[in-house]
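Q: Have a peek at start_37.cif (mmCIF, C-alpha atoms).
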```
data_target
#
loop_
_atom_site.group_PDB
_atom_site.id
_atom_site.type_symbol
_atom_site.label_atom_id
_atom_site.label_comp_id
_atom_site.auth_asym_id
_atom_site.auth_seq_id
_atom_site.Cartn_x
_atom_site.Cartn_y
_atom_site.Cartn_z
ATOM 1 C CA MET P 291 33.554 -4.487 -16.194
ATOM 2 C CA LEU P 292 30.138 -3.602 -14.782
ATOM 3 C CA PRO P 293 26.882 -2.679 -16.552
ATOM 4 C CA THR P 294 26.223 1.052 -16.802
ATOM 5 C CA LEU P 295 23.083 2.753 -15.558
ATOM 6 C CA ARG P 296 22.276 3.666 -19.153
ATOM 7 C CA GLN P 297 22.396 0.006 -20.214
ATOM 8 C CA LEU P 298 20.145 -0.981 -17.333
ATOM 9 C CA GLN P 299 17.761 1.820 -18.286
ATOM 10 C CA TYR P 300 17.675 0.524 -21.869
ATOM 11 C CA LEU P 301 16.789 -2.955 -20.575
ATOM 12 C CA LYS P 302 13.983 -1.573 -18.424
ATOM 13 C CA LEU P 303 12.535 0.457 -21.299
ATOM 14 C CA LEU P 304 12.819 -2.533 -23.615
ATOM 15 C CA ALA P 305 10.840 -4.674 -21.180
ATOM 16 C CA GLU P 306 8.210 -1.966 -20.743
ATOM 17 C CA ASN P 307 7.767 -1.202 -24.464
ATOM 18 C CA GLY P 308 8.236 -4.631 -26.031
ATOM 19 C CA SER P 309 10.269 -3.502 -29.045
ATOM 20 C CA PHE P 310 13.593 -1.835 -29.794
ATOM 21 C CA GLY P 311 11.908 0.933 -31.775
ATOM 22 C CA ARG P 312 9.487 2.016 -29.041
ATOM 23 C CA ALA P 313 12.141 1.623 -26.347
ATOM 24 C CA ALA P 314 14.512 3.860 -28.344
ATOM 25 C CA GLU P 315 11.789 6.519 -28.642
ATOM 26 C CA ALA P 316 11.184 6.382 -24.892
ATOM 27 C CA ALA P 317 14.925 6.714 -24.252
ATOM 28 C CA HIS P 318 15.224 9.580 -26.789
ATOM 29 C CA VAL P 319 17.992 7.767 -28.679
ATOM 30 C CA THR P 320 18.230 6.056 -32.059
ATOM 31 C CA GLN P 321 17.359 2.382 -32.356
ATOM 32 C CA PRO P 322 20.969 1.403 -33.281
ATOM 33 C CA THR P 323 22.193 3.206 -30.150
ATOM 34 C CA LEU P 324 19.779 1.336 -27.887
ATOM 35 C CA SER P 325 20.503 -1.986 -29.627
ATOM 36 C CA ALA P 326 24.245 -1.436 -29.171
ATOM 37 C CA GLY P 327 23.705 -0.713 -25.485
ATOM 38 C CA ILE P 328 21.761 -3.978 -25.028
ATOM 39 C CA GLN P 329 24.459 -5.916 -26.883
ATOM 40 C CA GLU P 330 27.146 -4.417 -24.665
ATOM 41 C CA LEU P 331 25.080 -5.390 -21.592
ATOM 42 C CA GLU P 332 24.881 -8.954 -22.914
ATOM 43 C CA ARG P 333 28.662 -9.070 -23.447
ATOM 44 C CA THR P 334 29.214 -7.808 -19.905
ATOM 45 C CA LEU P 335 26.863 -10.424 -18.425
ATOM 46 C CA GLY P 336 28.063 -13.172 -20.737
ATOM 47 C CA ALA P 337 24.507 -14.181 -21.685
ATOM 48 C CA ASN P 338 21.590 -13.000 -23.807
ATOM 49 C CA VAL P 339 19.038 -10.886 -21.975
ATOM 50 C CA VAL P 340 16.419 -10.849 -24.751
ATOM 51 C CA ASP P 341 15.127 -13.199 -27.431
ATOM 52 C CA ARG P 342 14.498 -11.264 -30.610
ATOM 53 C CA ALA P 343 11.383 -12.341 -32.515
ATOM 54 C CA ARG P 344 9.093 -10.906 -35.199
ATOM 55 C CA SER P 345 6.403 -10.321 -32.627
ATOM 56 C CA GLY P 346 8.747 -8.305 -30.429
ATOM 57 C CA VAL P 347 11.302 -9.009 -27.733
ATOM 58 C CA ILE P 348 10.998 -11.476 -24.863
ATOM 59 C CA LEU P 349 13.281 -11.405 -21.851
ATOM 60 C CA THR P 350 15.331 -14.513 -21.189
ATOM 61 C CA SER P 351 15.645 -15.906 -17.663
ATOM 62 C CA VAL P 352 18.904 -13.955 -17.334
ATOM 63 C CA GLY P 353 17.093 -10.895 -18.662
ATOM 64 C CA GLU P 354 14.276 -11.268 -16.106
ATOM 65 C CA GLU P 355 16.767 -11.449 -13.236
ATOM 66 C CA ALA P 356 18.760 -8.551 -14.689
ATOM 67 C CA LEU P 357 15.565 -6.488 -14.966
ATOM 68 C CA ARG P 358 14.608 -7.225 -11.359
ATOM 69 C CA ARG P 359 17.986 -6.073 -10.099
ATOM 70 C CA ALA P 360 18.144 -3.174 -12.566
ATOM 71 C CA THR P 361 14.823 -1.841 -11.266
ATOM 72 C CA VAL P 362 16.207 -1.690 -7.724
ATOM 73 C CA ILE P 363 19.467 -0.081 -8.860
ATOM 74 C CA LEU P 364 17.735 2.541 -11.028
ATOM 75 C CA ASN P 365 15.292 3.437 -8.252
ATOM 76 C CA GLU P 366 18.171 3.826 -5.809
ATOM 77 C CA ALA P 367 19.981 6.052 -8.316
ATOM 78 C CA GLU P 368 16.869 8.211 -8.749
ATOM 79 C CA GLU P 369 16.532 8.444 -4.980
ATOM 80 C CA LEU P 370 20.159 9.551 -4.738
ATOM 81 C CA VAL P 371 19.549 12.340 -7.257
ATOM 82 C CA GLU P 372 16.381 13.454 -5.432
ATOM 83 C CA ALA P 373 18.199 13.424 -2.090
ATOM 84 C CA ALA P 374 21.056 15.512 -3.486
ATOM 85 C CA LYS P 375 18.665 18.042 -5.002
ATOM 86 C CA ASN P 376 16.678 18.357 -1.793
ATOM 87 C CA ALA P 377 19.539 18.181 0.705
ATOM 88 C CA GLY P 378 18.523 20.104 3.791
ATOM 89 C CA GLN P 379 14.974 20.524 2.453
ATOM 90 C CA PRO P 380 12.932 17.467 3.486
ATOM 91 C CA LEU P 381 9.710 16.669 1.642
ATOM 92 C CA THR P 382 10.535 18.692 -1.434
ATOM 93 C CA GLY P 383 10.490 17.235 -4.918
ATOM 94 C CA ARG P 384 9.102 13.785 -5.730
ATOM 95 C CA PHE P 385 7.867 11.486 -2.970
ATOM 96 C CA ARG P 386 6.165 8.174 -3.782
ATOM 97 C CA LEU P 387 3.742 7.100 -1.056
ATOM 98 C CA GLY P 388 1.777 3.869 -0.911
ATOM 99 C CA VAL P 389 -1.490 3.719 1.064
ATOM 100 C CA ILE P 390 -3.759 0.787 1.893
ATOM 101 C CA PRO P 391 -7.434 1.138 0.860
ATOM 102 C CA THR P 392 -8.787 0.890 4.420
ATOM 103 C CA ILE P 393 -6.902 4.113 5.268
ATOM 104 C CA ALA P 394 -6.629 6.157 2.058
ATOM 105 C CA PRO P 395 -10.185 7.540 1.669
ATOM 106 C CA PHE P 396 -10.554 8.375 5.361
ATOM 107 C CA LEU P 397 -7.202 9.993 6.195
ATOM 108 C CA LEU P 398 -5.923 11.524 2.948
ATOM 109 C CA PRO P 399 -8.713 14.116 2.421
ATOM 110 C CA LYS P 400 -7.494 15.935 5.540
ATOM 111 C CA ALA P 401 -3.832 15.047 5.196
ATOM 112 C CA LEU P 402 -3.219 16.223 1.628
ATOM 113 C CA PRO P 403 -4.195 19.904 2.175
ATOM 114 C CA ALA P 404 -2.062 19.971 5.327
ATOM 115 C CA LEU P 405 0.915 18.548 3.444
ATOM 116 C CA ARG P 406 0.489 21.103 0.635
ATOM 117 C CA ASP P 407 0.396 23.951 3.142
ATOM 118 C CA ARG P 408 3.443 22.813 5.104
ATOM 119 C CA PHE P 409 5.524 21.510 2.181
ATOM 120 C CA PRO P 410 4.538 23.503 -0.920
ATOM 121 C CA LYS P 411 7.431 22.101 -2.992
ATOM 122 C CA LEU P 412 6.425 18.488 -2.340
ATOM 123 C CA ARG P 413 5.334 16.484 -5.415
ATOM 124 C CA LEU P 414 3.418 13.593 -3.880
ATOM 125 C CA PHE P 415 2.690 10.504 -5.974
ATOM 126 C CA LEU P 416 0.148 8.139 -4.397
ATOM 127 C CA ARG P 417 -0.418 4.435 -4.968
ATOM 128 C CA GLU P 418 -3.329 2.640 -3.289
ATOM 129 C CA ASP P 419 -2.884 -1.119 -2.933
ATOM 130 C CA LEU P 420 -2.942 -4.020 -0.484
ATOM 131 C CA THR P 421 -0.257 -4.191 2.193
ATOM 132 C CA HIS P 422 1.778 -7.087 0.804
ATOM 133 C CA ARG P 423 2.096 -5.451 -2.610
ATOM 134 C CA LEU P 424 3.016 -2.051 -1.140
ATOM 135 C CA ILE P 425 5.744 -3.607 0.993
ATOM 136 C CA ALA P 426 7.131 -5.460 -2.030
ATOM 137 C CA LEU P 427 7.272 -2.163 -3.955
ATOM 138 C CA LEU P 428 8.832 -0.445 -0.951
ATOM 139 C CA LYS P 429 11.591 -3.034 -0.659
ATOM 140 C CA ALA P 430 12.196 -2.870 -4.421
ATOM 141 C CA GLY P 431 12.729 0.885 -4.212
ATOM 142 C CA GLN P 432 9.600 1.719 -6.216
ATOM 143 C CA LEU P 433 8.007 3.504 -3.258
ATOM 144 C CA ASP P 434 9.635 5.892 -0.786
ATOM 145 C CA ALA P 435 7.252 5.120 2.082
ATOM 146 C CA ALA P 436 3.947 3.405 2.786
ATOM 147 C CA LEU P 437 1.018 4.223 5.063
ATOM 148 C CA ILE P 438 -0.049 0.835 6.413
ATOM 149 C CA ALA P 439 -1.467 -0.849 9.515
ATOM 150 C CA LEU P 440 0.192 -3.164 12.036
ATOM 151 C CA PRO P 441 0.618 -5.879 13.103
ATOM 152 C CA TYR P 442 2.434 -7.098 9.977
ATOM 153 C CA ASP P 443 5.821 -8.627 9.183
ATOM 154 C CA MET P 444 8.080 -5.550 9.060
ATOM 155 C CA SER P 445 11.454 -7.219 8.537
ATOM 156 C CA GLY P 446 13.772 -4.933 6.579
ATOM 157 C CA LEU P 447 11.629 -1.881 7.347
ATOM 158 C CA GLN P 448 11.514 0.960 9.843
ATOM 159 C CA TRP P 449 8.420 2.941 10.759
ATOM 160 C CA ALA P 450 6.937 5.844 12.704
ATOM 161 C CA HIS P 451 3.690 5.713 14.679
ATOM 162 C CA VAL P 452 0.728 7.685 13.360
ATOM 163 C CA ALA P 453 -2.263 6.479 15.396
ATOM 164 C CA ASP P 454 -4.002 3.628 17.167
ATOM 165 C CA ASP P 455 -7.237 3.015 15.274
ATOM 166 C CA THR P 456 -9.942 1.363 17.393
ATOM 167 C CA LEU P 457 -12.052 -1.389 15.824
ATOM 168 C CA LEU P 458 -15.820 -1.150 16.299
ATOM 169 C CA ALA P 459 -18.693 -3.584 15.804
ATOM 170 C CA ALA P 460 -21.255 -2.787 13.099
ATOM 171 C CA MET P 461 -24.655 -4.420 12.642
ATOM 172 C CA PRO P 462 -27.990 -3.606 10.957
ATOM 173 C CA ALA P 463 -29.735 -0.733 12.744
ATOM 174 C CA ASN P 464 -32.663 -2.995 13.736
ATOM 175 C CA HIS P 465 -30.473 -5.873 14.912
ATOM 176 C CA PRO P 466 -30.896 -7.049 18.558
ATOM 177 C CA LEU P 467 -27.199 -6.342 19.209
ATOM 178 C CA ALA P 468 -27.840 -2.674 18.396
ATOM 179 C CA ARG P 469 -29.775 -2.400 21.677
ATOM 180 C CA GLN P 470 -26.591 -3.180 23.646
ATOM 181 C CA THR P 471 -24.027 -0.580 24.738
ATOM 182 C CA SER P 472 -21.140 -2.872 23.693
ATOM 183 C CA VAL P 473 -20.766 -6.170 21.862
ATOM 184 C CA THR P 474 -18.540 -9.170 22.537
ATOM 185 C CA PRO P 475 -16.559 -10.803 19.722
ATOM 186 C CA GLU P 476 -18.369 -14.081 20.392
ATOM 187 C CA ALA P 477 -21.748 -12.420 19.837
ATOM 188 C CA LEU P 478 -20.582 -11.124 16.470
ATOM 189 C CA GLU P 479 -19.203 -14.525 15.508
ATOM 190 C CA HIS P 480 -22.638 -16.116 16.002
ATOM 191 C CA GLU P 481 -24.523 -13.471 14.020
ATOM 192 C CA GLY P 482 -23.191 -14.041 10.484
ATOM 193 C CA LEU P 483 -19.800 -12.331 10.511
ATOM 194 C CA ILE P 484 -18.871 -10.655 7.193
ATOM 195 C CA LEU P 485 -15.277 -9.600 6.538
ATOM 196 C CA LEU P 486 -13.179 -8.111 3.794
ATOM 197 C CA GLU P 487 -11.711 -10.522 1.257
ATOM 198 C CA ASP P 488 -8.411 -12.300 1.898
ATOM 199 C CA GLY P 489 -5.467 -9.971 1.311
ATOM 200 C CA HIS P 490 -6.905 -7.052 3.277
ATOM 201 C CA CYS P 491 -4.870 -6.805 6.472
ATOM 202 C CA LEU P 492 -7.883 -5.331 8.318
ATOM 203 C CA ARG P 493 -9.478 -8.784 8.087
ATOM 204 C CA GLU P 494 -6.575 -10.372 9.992
ATOM 205 C CA HIS P 495 -6.304 -7.427 12.397
ATOM 206 C CA ALA P 496 -9.964 -7.692 13.419
ATOM 207 C CA LEU P 497 -9.879 -11.454 13.874
ATOM 208 C CA SER P 498 -6.608 -11.366 15.804
ATOM 209 C CA ALA P 499 -7.638 -8.474 18.055
ATOM 210 C CA CYS P 500 -10.859 -10.276 18.960
ATOM 211 C CA GLY P 501 -9.386 -13.773 19.209
ATOM 212 C CA LEU P 502 -11.577 -15.183 16.442
ATOM 213 C CA LYS P 503 -10.905 -17.647 13.629
ATOM 214 C CA PRO P 504 -11.762 -16.877 9.989
ATOM 215 C CA PRO P 505 -15.269 -17.937 8.946
ATOM 216 C CA LYS P 506 -15.266 -21.327 7.242
ATOM 217 C CA ALA P 507 -17.264 -22.105 4.131
ATOM 218 C CA SER P 508 -20.062 -24.533 4.931
ATOM 219 C CA ASP P 509 -23.397 -25.509 3.513
ATOM 220 C CA GLU P 510 -24.419 -21.873 3.854
ATOM 221 C CA GLU P 511 -22.957 -19.092 1.742
ATOM 222 C CA THR P 512 -19.971 -17.245 3.202
ATOM 223 C CA PHE P 513 -19.963 -13.573 2.251
ATOM 224 C CA ALA P 514 -16.933 -11.310 1.843
ATOM 225 C CA ALA P 515 -16.565 -7.703 0.666
ATOM 226 C CA THR P 516 -14.004 -6.094 -1.609
ATOM 227 C CA SER P 517 -14.030 -2.719 0.179
ATOM 228 C CA LEU P 518 -15.268 -1.040 3.347
ATOM 229 C CA PRO P 519 -18.090 0.869 1.562
ATOM 230 C CA THR P 520 -19.339 -2.438 0.117
ATOM 231 C CA LEU P 521 -19.033 -4.063 3.536
ATOM 232 C CA VAL P 522 -21.212 -1.346 5.099
ATOM 233 C CA GLN P 523 -23.857 -1.783 2.406
ATOM 234 C CA MET P 524 -23.909 -5.541 2.955
ATOM 235 C CA VAL P 525 -24.418 -5.066 6.700
ATOM 236 C CA GLY P 526 -27.070 -2.409 6.137
ATOM 237 C CA SER P 527 -28.928 -4.863 3.882
ATOM 238 C CA GLY P 528 -29.138 -7.369 6.720
ATOM 239 C CA LEU P 529 -26.570 -9.853 5.417
ATOM 240 C CA GLY P 530 -24.607 -9.973 8.671
ATOM 241 C CA VAL P 531 -22.399 -8.058 11.103
ATOM 242 C CA THR P 532 -18.799 -6.860 10.845
ATOM 243 C CA PHE P 533 -15.896 -4.823 12.214
ATOM 244 C CA LEU P 534 -15.164 -1.247 11.140
ATOM 245 C CA PRO P 535 -12.149 0.941 11.964
ATOM 246 C CA LYS P 536 -13.050 4.049 13.956
ATOM 247 C CA MET P 537 -11.099 6.131 11.436
ATOM 248 C CA ALA P 538 -13.646 5.174 8.776
ATOM 249 C CA VAL P 539 -16.637 5.656 11.087
ATOM 250 C CA SER P 540 -15.397 9.123 12.106
ATOM 251 C CA ALA P 541 -15.168 9.987 8.401
ATOM 252 C CA GLY P 542 -18.889 9.178 7.980
ATOM 253 C CA LEU P 543 -18.674 5.703 6.427
ATOM 254 C CA ALA P 544 -21.405 4.235 8.641
ATOM 255 C CA GLU P 545 -23.846 6.964 7.563
ATOM 256 C CA ALA P 546 -24.070 5.471 4.069
ATOM 257 C CA ALA P 547 -26.403 2.654 5.170
ATOM 258 C CA PRO P 548 -28.796 1.814 8.061
ATOM 259 C CA VAL P 549 -26.188 0.366 10.416
ATOM 260 C CA ALA P 550 -25.475 0.744 14.119
ATOM 261 C CA VAL P 551 -21.935 0.948 15.507
ATOM 262 C CA ARG P 552 -20.980 -0.215 18.989
ATOM 263 C CA PRO P 553 -17.709 -0.621 20.983
ATOM 264 C CA ILE P 554 -16.257 -4.123 21.159
ATOM 265 C CA ASP P 555 -15.930 -5.697 24.590
ATOM 266 C CA ALA P 556 -12.348 -6.999 24.198
ATOM 267 C CA ASP P 557 -8.822 -6.075 25.263
ATOM 268 C CA HIS P 558 -7.390 -3.434 22.914
ATOM 269 C CA PRO P 559 -9.387 -4.158 19.725
ATOM 270 C CA SER P 560 -7.339 -1.892 17.475
ATOM 271 C CA ARG P 561 -4.719 -1.629 14.739
ATOM 272 C CA GLU P 562 -1.679 0.648 14.655
ATOM 273 C CA ILE P 563 -1.348 3.053 11.714
ATOM 274 C CA VAL P 564 2.271 3.740 10.724
ATOM 275 C CA ILE P 565 4.454 5.263 8.016
ATOM 276 C CA ALA P 566 7.047 2.681 6.917
ATOM 277 C CA TRP P 567 10.236 2.994 4.860
ATOM 278 C CA ARG P 568 13.163 0.733 3.953
ATOM 279 C CA ALA P 569 15.696 0.219 6.732
ATOM 280 C CA GLY P 570 18.725 2.387 5.998
ATOM 281 C CA SER P 571 16.865 4.564 3.487
ATOM 282 C CA ASN P 572 17.728 8.269 3.392
ATOM 283 C CA ARG P 573 13.962 8.878 3.462
ATOM 284 C CA ALA P 574 13.799 8.201 7.221
ATOM 285 C CA VAL P 575 13.673 11.902 8.182
ATOM 286 C CA GLU P 576 10.902 12.497 5.649
ATOM 287 C CA GLY P 577 8.999 9.444 6.834
ATOM 288 C CA ARG P 578 8.988 10.779 10.389
ATOM 289 C CA LEU P 579 7.941 14.249 9.198
ATOM 290 C CA LEU P 580 5.093 12.710 7.216
ATOM 291 C CA ALA P 581 3.961 10.744 10.261
ATOM 292 C CA GLU P 582 4.019 13.957 12.303
ATOM 293 C CA VAL P 583 1.687 15.723 9.855
ATOM 294 C CA LEU P 584 -0.653 12.725 9.755
ATOM 295 C CA ARG P 585 -0.801 12.585 13.544
ATOM 296 C CA ASP P 586 -1.996 16.186 13.556
ATOM 297 C CA VAL P 587 -4.864 15.693 11.098
ATOM 298 C CA GLN P 588 -6.241 12.172 11.426
ATOM 299 C CA PRO P 589 -9.320 11.439 13.530
ATOM 300 C CA ALA P 590 -8.048 8.102 14.831
ATOM 301 C CA GLY P 591 -5.598 9.883 17.126
ATOM 302 C CA LYS P 592 -8.632 11.216 19.006
ATOM 303 C CA ALA P 593 -10.035 7.732 19.580
#
```
Taking this structure as input, can you express it in the form of structure tokens?
A:
Amino acid sequence: MLPTLRQLQYLKLLAENGSFGRAAEAAHVTQPTLSAGIQELERTLGANVVDRARSGVILTSVGEEALRRATVILNEAEELVEAAKNAGQPLTGRFRLGVIPTIAPFLLPKALPALRDRFPKLRLFLREDLTHRLIALLKAGQLDAALIALPYDMSGLQWAHVADDTLLAAMPANHPLARQTSVTPEALEHEGLILLEDGHCLREHALSACGLKPPKASDEETFAATSLPTLVQMVGSGLGVTFLPKMAVSAGLAEAAPVAVRPIDADHPSREIVIAWRAGSNRAVEGRLLAEVLRDVQPAGKA
């Protein structure tokens, strides 16, 4: 005998709410009904999935593994229902899209109105996060697609090209490098290079595209920024130089501080913007449609 979707849903709600009473309310059933469902799940698995205590419920190791697998199964079931409802009508109903923070504020303001106009029945849910977390959610079935940048490990995923986003050099407006028409990566490296914090793929993209190694902490302070707007302010304050994606510069990011922007004298200093989805997902057609709309509205495609 196999667990039912209802039992797996009870387990998920129990983990989210921390008590049988609150989980029953969320499931719109009585507490005895939910408790019986959990007990039946435990009999099917042959092990306890929760430890019952006065302070609430705690998942056992079996319960944690069951929850992880249940989350994937329930998301796949929801996707099946959505696909059946919207058969023959792509990008209608719910669509969960992840976006990395070095793309979201510069591409979405133009993309969202275009999506609403072309797909008025689309209910778009957005999640902004770092690439590695978005891909984990994508593979777990908690996202339908993700707007990310390559290169990155894309095993188990498929994707559609949106744009090649050129990387530019940014320095204080009164910096000697600002008098040049272009800047070499080596010149930037010797002028106090500031990057985004570890975890932002743009950091690795910029270093890789320019053949540079990450700055090493030494006797002097090593600065890092949590976001592109913060990075621009740090450069404008004279703390160093950096790389900026042309998509962000075209959206006016560099106008927020006294910085100068120059081309980088290197072979193909850029990142590739893509829409990614799980390999074999029935969201492939919608992923390609989404990429098509984004290609039409984003400024990076004009780089």
Q: Which residues come within 12 Å of Cys491 (chain P), counting all atoms listed in the file, excluding same-chain residues fewer than 5 positions away, as a list in words?
A: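 Surrounding residues, per the criterion: Ile390, Pro391, Thr392, Ile393, Asp419, Leu420, Thr421, His422, Arg423, Leu424, Ile438, Ala439, Leu440, Pro441, Tyr442, Asp443, Leu485, Leu486, Ala496, Leu497, Ser498, Ser517, Pro535, Arg561, Glu562 and Ile563 of chain P.
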Q: What's around Leu428 (chain P) at 8 Å? Count only C-alpha atoms, leave out sequence neighbours fewer than 6 positions away in its own chain, and write the answer as a ChimeraX atom specification.
A: /P:434-436,567-568
Q: Quick one, how far is CA of Gln379 (chain P) from CA of Trp449 (chain P)?
A: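 Value for the CA of Gln379 (chain P)-CA of Trp449 (chain P) distance: 20.5 Å.
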Q: Considering only C-alpha atoms, can you say which of P:Lys503, P:Arg552, P:Arg578, P:Arg573 comes closest to Pro462 (chain P)?
A: P:Arg552
Q: What does the PyMOL selection byres ((chain P and resi 401) around 12) select in this file, as a PDB file with C-alpha atoms, in the frame of the given file?
A:
```
ATOM      1  CA  ILE P 393      -6.902   4.113   5.268  1.00  0.00           C
ATOM      2  CA  ALA P 394      -6.629   6.157   2.058  1.00  0.00           C
ATOM      3  CA  PRO P 395     -10.185   7.540   1.669  1.00  0.00           C
ATOM      4  CA  PHE P 396     -10.554   8.375   5.361  1.00  0.00           C
ATOM      5  CA  LEU P 397      -7.202   9.993   6.195  1.00  0.00           C
ATOM      6  CA  LEU P 398      -5.923  11.524   2.948  1.00  0.00           C
ATOM      7  CA  PRO P 399      -8.713  14.116   2.421  1.00  0.00           C
ATOM      8  CA  LYS P 400      -7.494  15.935   5.540  1.00  0.00           C
ATOM      9  CA  LEU P 402      -3.219  16.223   1.628  1.00  0.00           C
ATOM     10  CA  PRO P 403      -4.195  19.904   2.175  1.00  0.00           C
ATOM     11  CA  ALA P 404      -2.062  19.971   5.327  1.00  0.00           C
ATOM     12  CA  LEU P 405       0.915  18.548   3.444  1.00  0.00           C
ATOM     13  CA  ARG P 406       0.489  21.103   0.635  1.00  0.00           C
ATOM     14  CA  ASP P 407       0.396  23.951   3.142  1.00  0.00           C
ATOM     15  CA  ARG P 408       3.443  22.813   5.104  1.00  0.00           C
ATOM     16  CA  PHE P 409       5.524  21.510   2.181  1.00  0.00           C
ATOM     17  CA  LEU P 414       3.418  13.593  -3.880  1.00  0.00           C
ATOM     18  CA  LEU P 437       1.018   4.223   5.063  1.00  0.00           C
ATOM     19  CA  VAL P 452       0.728   7.685  13.360  1.00  0.00           C
ATOM     20  CA  LEU P 580       5.093  12.710   7.216  1.00  0.00           C
ATOM     21  CA  ALA P 581       3.961  10.744  10.261  1.00  0.00           C
ATOM     22  CA  GLU P 582       4.019  13.957  12.303  1.00  0.00           C
ATOM     23  CA  VAL P 583       1.687  15.723   9.855  1.00  0.00           C
ATOM     24  CA  LEU P 584      -0.653  12.725   9.755  1.00  0.00           C
ATOM     25  CA  ARG P 585      -0.801  12.585  13.544  1.00  0.00           C
ATOM     26  CA  ASP P 586      -1.996  16.186  13.556  1.00  0.00           C
ATOM     27  CA  VAL P 587      -4.864  15.693  11.098  1.00  0.00           C
ATOM     28  CA  GLN P 588      -6.241  12.172  11.426  1.00  0.00           C
ATOM     29  CA  PRO P 589      -9.320  11.439  13.530  1.00  0.00           C
TER      30      PRO P 589
END
```
Q: Quick check, in Å to one decimal: how far apart do CA of Leu324 (chain P) and CA of Phe310 (chain P) lie?
A: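 Taking CA of Leu324 (chain P) and CA of Phe310 (chain P), their separation equals 7.2 Å.
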Q: Using the atoms already present, construct N, CA and C atoms for region 476-491 of chain P and hand them back as a short mmCIF file (atom, residue, chain, number, x, y, z; two decimals), in the coordinates of the input.
A:
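Wrote result_12.cif, looks like this:
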```cif
data_model
loop_
_atom_site.label_atom_id
_atom_site.label_comp_id
_atom_site.auth_asym_id
_atom_site.auth_seq_id
_atom_site.Cartn_x
_atom_site.Cartn_y
_atom_site.Cartn_z
N GLU P 476 -17.63 -12.83 20.54
CA GLU P 476 -18.37 -14.08 20.39
C GLU P 476 -19.78 -13.84 19.88
N ALA P 477 -20.40 -12.74 20.31
CA ALA P 477 -21.75 -12.42 19.84
C ALA P 477 -21.73 -12.12 18.34
N LEU P 478 -20.70 -11.42 17.90
CA LEU P 478 -20.58 -11.12 16.47
C LEU P 478 -20.36 -12.40 15.67
N GLU P 479 -19.54 -13.29 16.22
CA GLU P 479 -19.20 -14.52 15.51
C GLU P 479 -20.45 -15.37 15.25
N HIS P 480 -21.43 -15.29 16.14
CA HIS P 480 -22.64 -16.12 16.00
C HIS P 480 -23.76 -15.40 15.26
N GLU P 481 -23.47 -14.22 14.69
CA GLU P 481 -24.52 -13.47 14.02
C GLU P 481 -24.22 -13.26 12.53
N GLY P 482 -23.48 -14.16 11.92
CA GLY P 482 -23.19 -14.04 10.48
C GLY P 482 -22.12 -13.00 10.20
N LEU P 483 -20.90 -13.29 10.64
CA LEU P 483 -19.80 -12.33 10.51
C LEU P 483 -19.36 -12.20 9.05
N ILE P 484 -19.34 -10.96 8.55
CA ILE P 484 -18.87 -10.66 7.19
C ILE P 484 -17.55 -9.89 7.32
N LEU P 485 -16.58 -10.27 6.50
CA LEU P 485 -15.28 -9.60 6.54
C LEU P 485 -14.86 -9.17 5.14
N LEU P 486 -13.77 -8.42 5.08
CA LEU P 486 -13.18 -8.11 3.79
C LEU P 486 -12.54 -9.37 3.22
N GLU P 487 -12.32 -9.38 1.91
CA GLU P 487 -11.71 -10.52 1.26
C GLU P 487 -10.30 -10.77 1.77
N ASP P 488 -9.80 -11.98 1.57
CA ASP P 488 -8.41 -12.30 1.90
C ASP P 488 -7.48 -11.32 1.19
N GLY P 489 -6.42 -10.93 1.88
CA GLY P 489 -5.47 -9.97 1.31
C GLY P 489 -5.56 -8.62 1.98
N HIS P 490 -6.74 -8.29 2.52
CA HIS P 490 -6.90 -7.05 3.28
C HIS P 490 -6.43 -7.30 4.71
N CYS P 491 -5.42 -6.56 5.14
CA CYS P 491 -4.87 -6.80 6.47
C CYS P 491 -5.88 -6.50 7.57
#
```
